[in-house]
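Source file: structure.tsv. Holds: TSV, C-alpha atoms.
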chain	number	residue	atom	x	y	z
A	1	MET	CA	0.00	0.00	0.00
A	2	LYS	CA	2.85	2.37	0.82
A	3	LYS	CA	4.47	1.73	-2.57
A	4	PHE	CA	1.19	2.51	-4.33
A	5	LEU	CA	0.70	5.79	-2.44
A	6	LEU	CA	4.31	6.76	-3.01
A	7	SER	CA	4.07	6.13	-6.76
A	8	LEU	CA	0.77	8.03	-6.88
A	9	LEU	CA	2.34	10.96	-5.04
A	10	ILE	CA	5.31	11.01	-7.42
A	11	ALA	CA	3.00	10.90	-10.44
A	12	LEU	CA	1.02	13.85	-9.11
A	13	ALA	CA	4.20	15.78	-8.34
A	14	VAL	CA	5.24	15.36	-11.97
A	15	LEU	CA	1.81	16.07	-13.51
A	16	ILE	CA	0.73	19.15	-11.57
A	17	PRO	CA	3.55	21.45	-12.75
A	18	THR	CA	3.10	20.37	-16.37
A	19	ILE	CA	-0.64	21.02	-16.30
A	20	ALA	CA	-0.20	24.53	-14.91
A	21	VAL	CA	2.21	25.62	-17.66
A	22	GLU	CA	0.47	26.72	-20.84
A	23	ALA	CA	1.94	28.95	-23.48
A	24	ALA	CA	0.81	30.38	-26.78
A	25	TYR	CA	2.31	28.84	-29.87
A	26	VAL	CA	0.21	29.74	-32.89
A	27	HIS	CA	1.08	28.96	-36.50
A	28	VAL	CA	-0.07	31.25	-39.30
A	29	PRO	CA	0.39	30.76	-43.04
A	30	ASN	CA	3.87	31.53	-44.34
A	31	PHE	CA	4.02	34.27	-46.97
A	32	ARG	CA	6.88	32.53	-48.77
A	33	SER	CA	4.63	29.55	-49.53
A	34	MET	CA	2.36	31.70	-51.72
A	35	ALA	CA	4.59	30.83	-54.71
A	36	SER	CA	6.58	27.80	-55.68
A	37	ASN	CA	10.28	28.57	-55.33
A	38	ARG	CA	11.60	25.19	-56.52
A	39	ILE	CA	12.53	25.97	-60.11
A	40	LYS	CA	12.74	29.75	-60.00
A	41	GLU	CA	13.00	32.04	-56.99
A	42	ARG	CA	9.85	34.14	-56.75
A	43	ILE	CA	9.71	35.18	-53.09
A	44	ARG	CA	12.93	35.72	-51.16
A	45	PHE	CA	12.97	35.62	-47.36
A	46	THR	CA	15.40	38.36	-46.30
A	47	GLY	CA	15.34	37.82	-42.55
A	48	MET	CA	13.48	38.57	-39.39
A	49	ASP	CA	13.79	41.18	-36.66
A	50	GLN	CA	12.74	40.94	-33.02
A	51	ARG	CA	11.08	44.23	-32.09
A	52	SER	CA	8.99	45.86	-29.39
A	53	ALA	CA	6.38	48.61	-29.61
A	54	ASN	CA	4.36	49.97	-26.68
A	55	GLY	CA	5.34	46.99	-24.55
A	56	VAL	CA	4.33	44.41	-27.17
A	57	ASN	CA	7.08	42.12	-28.44
A	58	TYR	CA	6.74	41.03	-32.04
A	59	THR	CA	8.72	39.58	-34.91
A	60	ARG	CA	8.93	41.22	-38.33
A	61	TRP	CA	9.34	38.73	-41.19
A	62	ASN	CA	10.78	40.41	-44.31
A	63	TYR	CA	10.25	39.22	-47.88
A	64	ILE	CA	11.00	40.49	-51.39
A	65	CYS	CA	8.94	39.44	-54.41
A	66	VAL	CA	11.61	39.14	-57.10
A	67	ASP	CA	9.39	38.33	-60.10
A	68	GLY	CA	7.19	41.45	-60.09
A	69	LYS	CA	3.98	39.71	-58.95
A	70	THR	CA	3.83	41.25	-55.48
A	71	SER	CA	0.14	42.20	-55.63
A	72	GLN	CA	-0.82	38.69	-56.79
A	73	TYR	CA	1.07	37.04	-53.92
A	74	VAL	CA	-0.23	39.50	-51.32
A	75	SER	CA	-3.79	39.00	-52.51
A	76	LYS	CA	-3.37	35.23	-52.26
A	77	TYR	CA	-1.86	35.59	-48.78
A	78	LEU	CA	-4.68	37.82	-47.53
A	79	LYS	CA	-7.25	35.30	-48.80
A	80	LYS	CA	-5.36	32.50	-47.05
A	81	LEU	CA	-5.35	34.43	-43.75
A	82	ASN	CA	-9.07	35.23	-44.08
A	83	GLY	CA	-9.72	31.57	-44.90
A	84	LYS	CA	-8.45	30.41	-41.51
A	85	HIS	CA	-11.37	29.87	-39.14
A	86	ASN	CA	-9.64	31.60	-36.22
A	87	ILE	CA	-8.06	34.57	-38.05
A	88	SER	CA	-10.16	37.47	-39.27
A	89	SER	CA	-9.48	40.85	-40.81
A	90	VAL	CA	-10.02	43.91	-38.64
A	91	GLY	CA	-9.20	46.52	-41.25
A	92	SER	CA	-6.79	47.98	-43.73
A	93	ASN	CA	-5.11	51.28	-44.41
A	94	GLY	CA	-3.54	51.74	-47.84
A	95	ASN	CA	-1.02	48.94	-48.25
A	96	ASN	CA	-1.38	47.70	-44.65
A	97	TRP	CA	-3.75	44.97	-43.48
A	98	TYR	CA	-4.55	43.98	-39.91
A	99	PHE	CA	-5.82	40.65	-38.56
A	100	VAL	CA	-6.87	39.32	-35.19
A	101	TYR	CA	-6.46	35.76	-33.95
A	102	SER	CA	-9.43	34.41	-31.97
A	103	GLY	CA	-8.39	30.81	-31.32
A	104	SER	CA	-7.91	29.06	-27.99
A	105	GLN	CA	-4.44	30.52	-27.43
A	106	ALA	CA	-5.58	34.14	-27.99
A	107	LYS	CA	-5.78	34.80	-24.25
A	108	TYR	CA	-2.01	34.28	-24.03
A	109	LEU	CA	-1.14	36.69	-26.88
A	110	ASN	CA	-0.70	40.42	-26.51
A	111	THR	CA	-2.23	42.67	-29.14
A	112	PHE	CA	-0.85	45.74	-30.82
A	113	SER	CA	-2.44	49.01	-29.73
A	114	GLY	CA	-5.02	48.73	-32.53
A	115	GLY	CA	-6.27	45.40	-31.19
A	116	PHE	CA	-4.69	43.14	-33.79
A	117	HIS	CA	-2.15	40.28	-33.77
A	118	ILE	CA	-0.99	40.23	-37.41
A	119	HIS	CA	0.09	43.08	-39.69
A	120	VAL	CA	0.84	42.68	-43.39
A	121	GLY	CA	2.52	45.65	-45.06
A	122	VAL	CA	3.60	46.20	-48.66
A	123	SER	CA	6.03	48.76	-50.06
A	124	GLY	CA	6.92	48.16	-53.70
A	125	SER	CA	8.23	44.62	-53.94
A	126	ASN	CA	8.95	44.43	-50.18
A	127	VAL	CA	6.46	42.66	-47.93
A	128	VAL	CA	6.57	42.58	-44.13
A	129	VAL	CA	4.52	40.34	-41.88
A	130	ASP	CA	4.49	41.38	-38.22
A	131	LEU	CA	3.44	38.69	-35.75
A	132	VAL	CA	3.10	39.24	-32.00
A	133	ALA	CA	5.24	37.05	-29.74
A	134	GLY	CA	3.93	33.50	-29.75
A	135	MET	CA	2.92	33.47	-33.42
A	136	TYR	CA	5.12	31.84	-36.07
A	137	PRO	CA	4.87	31.15	-39.81
A	138	GLU	CA	4.15	27.54	-40.78

Now, as a test, write the supplied structure out as structure tokens.
Amino acid sequence: MKKFLLSLLIALAVLIPTIAVEAAYVHVPNFRSMASNRIKERIRFTGMDQRSANGVNYTRWNYICVDGKTSQYVSKYLKKLNGKHNISSVGSNGNNWYFVYSGSQAKYLNTFSGGFHIHVGVSGSNVVVDLVAGMYPE
């Protein structure tokens, strides 16, 4: 009986800390996958930057559309984001689009001051995708 209680106590000691720890880890569509890059490079990933604005940490993913079809790829990407059941558009301003994530992990994610989690911005052939901390491209 003592061995059973001891093993039960050890099992609980291991389980309780793992149950209490939850963290946001949300995948969103990757902009680079909007075009096939196998034969010819169409979208180039140029890097990412860790940033902070008004106390919100986020990552900026930078891309360049090298084949001149930026608007086509951005349009496809926006449709893909809107097609996700837990991501919805909250507005746009010129060449900037804003989306909010409403899935189960949303309570663990901070929002930008405008109340959004994802920003897509276009300037010429450059595209940036800003994702709050806890969100990552697929």

Can you tell me, as a PDB file with C-alpha atoms, in the coordinates of the input, what residues are no more than 10 Å from Lys80 (chain A) when counting all atoms listed in the file, ignoring any on the same chain fewer than 4 positions away?
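Dumped to selection.pdb:
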ATOM      1  CA  VAL A  28      -0.070  31.250 -39.300  1.00  0.00           C
ATOM      2  CA  PRO A  29       0.390  30.760 -43.040  1.00  0.00           C
ATOM      3  CA  ASN A  30       3.870  31.530 -44.340  1.00  0.00           C
ATOM      4  CA  PHE A  31       4.020  34.270 -46.970  1.00  0.00           C
ATOM      5  CA  MET A  34       2.360  31.700 -51.720  1.00  0.00           C
ATOM      6  CA  VAL A  74      -0.230  39.500 -51.320  1.00  0.00           C
ATOM      7  CA  SER A  75      -3.790  39.000 -52.510  1.00  0.00           C
ATOM      8  CA  LYS A  76      -3.370  35.230 -52.260  1.00  0.00           C
ATOM      9  CA  LYS A  84      -8.450  30.410 -41.510  1.00  0.00           C
ATOM     10  CA  ILE A  87      -8.060  34.570 -38.050  1.00  0.00           C
TER      11      ILE A  87
END

As JSON, please: the centre and edge lengths in Å, to one decimal, of an axis-aligned box enclosing every listed atom of region 25-44 of chain A with 8 Å added on each side.
{"center_x": 6.5, "center_y": 30.5, "center_z": -45.0, "size_x": 29.1, "size_y": 26.5, "size_z": 46.2}

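Counting from CA of Ile43 (chain A), the distance to CA of His119 (chain A) is 18.3 Å.
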
Per residue of region 19-94 of chain A within 12 Å of region 123-130 of chain A, record the nearest atom pair and its distance in Å to one decimal, counting all atoms listed in the file, with rows in chain order and ascending residue number, as a Markdown table.
| residue | atom | partner | partner_atom | distance |
| --- | --- | --- | --- | --- |
| A:Val28 | CA | A:Val129 | CA | 10.5 |
| A:Pro29 | CA | A:Val129 | CA | 10.5 |
| A:Asn30 | CA | A:Val129 | CA | 9.2 |
| A:Phe31 | CA | A:Val129 | CA | 7.9 |
| A:Arg32 | CA | A:Val127 | CA | 10.2 |
| A:Arg42 | CA | A:Ser125 | CA | 11.0 |
| A:Ile43 | CA | A:Ser125 | CA | 9.6 |
| A:Arg44 | CA | A:Asn126 | CA | 9.6 |
| A:Phe45 | CA | A:Val127 | CA | 9.6 |
| A:Thr46 | CA | A:Asn126 | CA | 9.7 |
| A:Gly47 | CA | A:Val128 | CA | 10.1 |
| A:Met48 | CA | A:Val128 | CA | 9.3 |
| A:Asp49 | CA | A:Asp130 | CA | 9.4 |
| A:Gln50 | CA | A:Asp130 | CA | 9.8 |
| A:Arg51 | CA | A:Asp130 | CA | 9.4 |
| A:Ser52 | CA | A:Asp130 | CA | 10.9 |
| A:Ala53 | CA | A:Asp130 | CA | 11.4 |
| A:Val56 | CA | A:Asp130 | CA | 11.5 |
| A:Asn57 | CA | A:Asp130 | CA | 10.1 |
| A:Tyr58 | CA | A:Asp130 | CA | 6.6 |
| A:Thr59 | CA | A:Asp130 | CA | 5.7 |
| A:Arg60 | CA | A:Asp130 | CA | 4.4 |
| A:Trp61 | CA | A:Val129 | CA | 5.1 |
| A:Asn62 | CA | A:Val128 | CA | 4.7 |
| A:Tyr63 | CA | A:Val127 | CA | 5.1 |
| A:Ile64 | CA | A:Asn126 | CA | 4.6 |
| A:Cys65 | CA | A:Ser125 | CA | 5.2 |
| A:Val66 | CA | A:Ser125 | CA | 7.2 |
| A:Asp67 | CA | A:Ser125 | CA | 8.9 |
| A:Gly68 | CA | A:Ser125 | CA | 7.0 |
| A:Lys69 | CA | A:Ser125 | CA | 8.2 |
| A:Thr70 | CA | A:Ser125 | CA | 5.8 |
| A:Ser71 | CA | A:Ser125 | CA | 8.6 |
| A:Gln72 | CA | A:Ser125 | CA | 11.2 |
| A:Tyr73 | CA | A:Val127 | CA | 9.8 |
| A:Val74 | CA | A:Val127 | CA | 8.1 |
| A:Ser75 | CA | A:Val127 | CA | 11.8 |
| A:Tyr77 | CA | A:Val129 | CA | 10.5 |
| A:Leu78 | CA | A:Val129 | CA | 11.1 |
| A:Leu81 | CA | A:Val129 | CA | 11.7 |
| A:Gly94 | CA | A:Ser123 | CA | 10.3 |

All residues 9 Å or closer to Ile118 (chain A), all atoms listed in the file, same chain fewer than 5 positions away omitted, as an NGL selection string: :A and (97-101 or 111-112 or 129-132 or 135)

How about saving the chosen residues, C-alpha atoms kept, as a PDB file, in the coordinates of the input?
ATOM      1  CA  TRP A  97      -3.750  44.970 -43.480  1.00  0.00           C
ATOM      2  CA  TYR A  98      -4.550  43.980 -39.910  1.00  0.00           C
ATOM      3  CA  PHE A  99      -5.820  40.650 -38.560  1.00  0.00           C
ATOM      4  CA  VAL A 100      -6.870  39.320 -35.190  1.00  0.00           C
ATOM      5  CA  TYR A 101      -6.460  35.760 -33.950  1.00  0.00           C
ATOM      6  CA  THR A 111      -2.230  42.670 -29.140  1.00  0.00           C
ATOM      7  CA  PHE A 112      -0.850  45.740 -30.820  1.00  0.00           C
ATOM      8  CA  VAL A 129       4.520  40.340 -41.880  1.00  0.00           C
ATOM      9  CA  ASP A 130       4.490  41.380 -38.220  1.00  0.00           C
ATOM     10  CA  LEU A 131       3.440  38.690 -35.750  1.00  0.00           C
ATOM     11  CA  VAL A 132       3.100  39.240 -32.000  1.00  0.00           C
ATOM     12  CA  MET A 135       2.920  33.470 -33.420  1.00  0.00           C
TER      13      MET A 135
END

Computed interatomic separation between CA of Asn95 (chain A) and CA of Gly134 (chain A) (Å):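 Result for CA of Asn95 (chain A) versus CA of Gly134 (chain A): 24.6 Å, one decimal.
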
Gap from CA of Asn37 (chain A) to CA of Asn96 (chain A) - Å, one decimal: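 Atom-to-atom, CA of Asn37 (chain A) and CA of Asn96 (chain A) are spaced 24.8 Å apart.
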
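Nearest residue to Gly103 (chain A), choosing from A:Glu41, A:Val26, A:Lys79, A:Asn86 and counting all atoms listed in the file: A:Asn86.
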
Minimum-distance residue to His85 (chain A), chosen among A:Ser102, A:Asn54, A:Ser113, A:Ser36 (using only C-alpha atoms):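 Using only C-alpha atoms, the shortest distance to His85 (chain A) belongs to A:Ser102.
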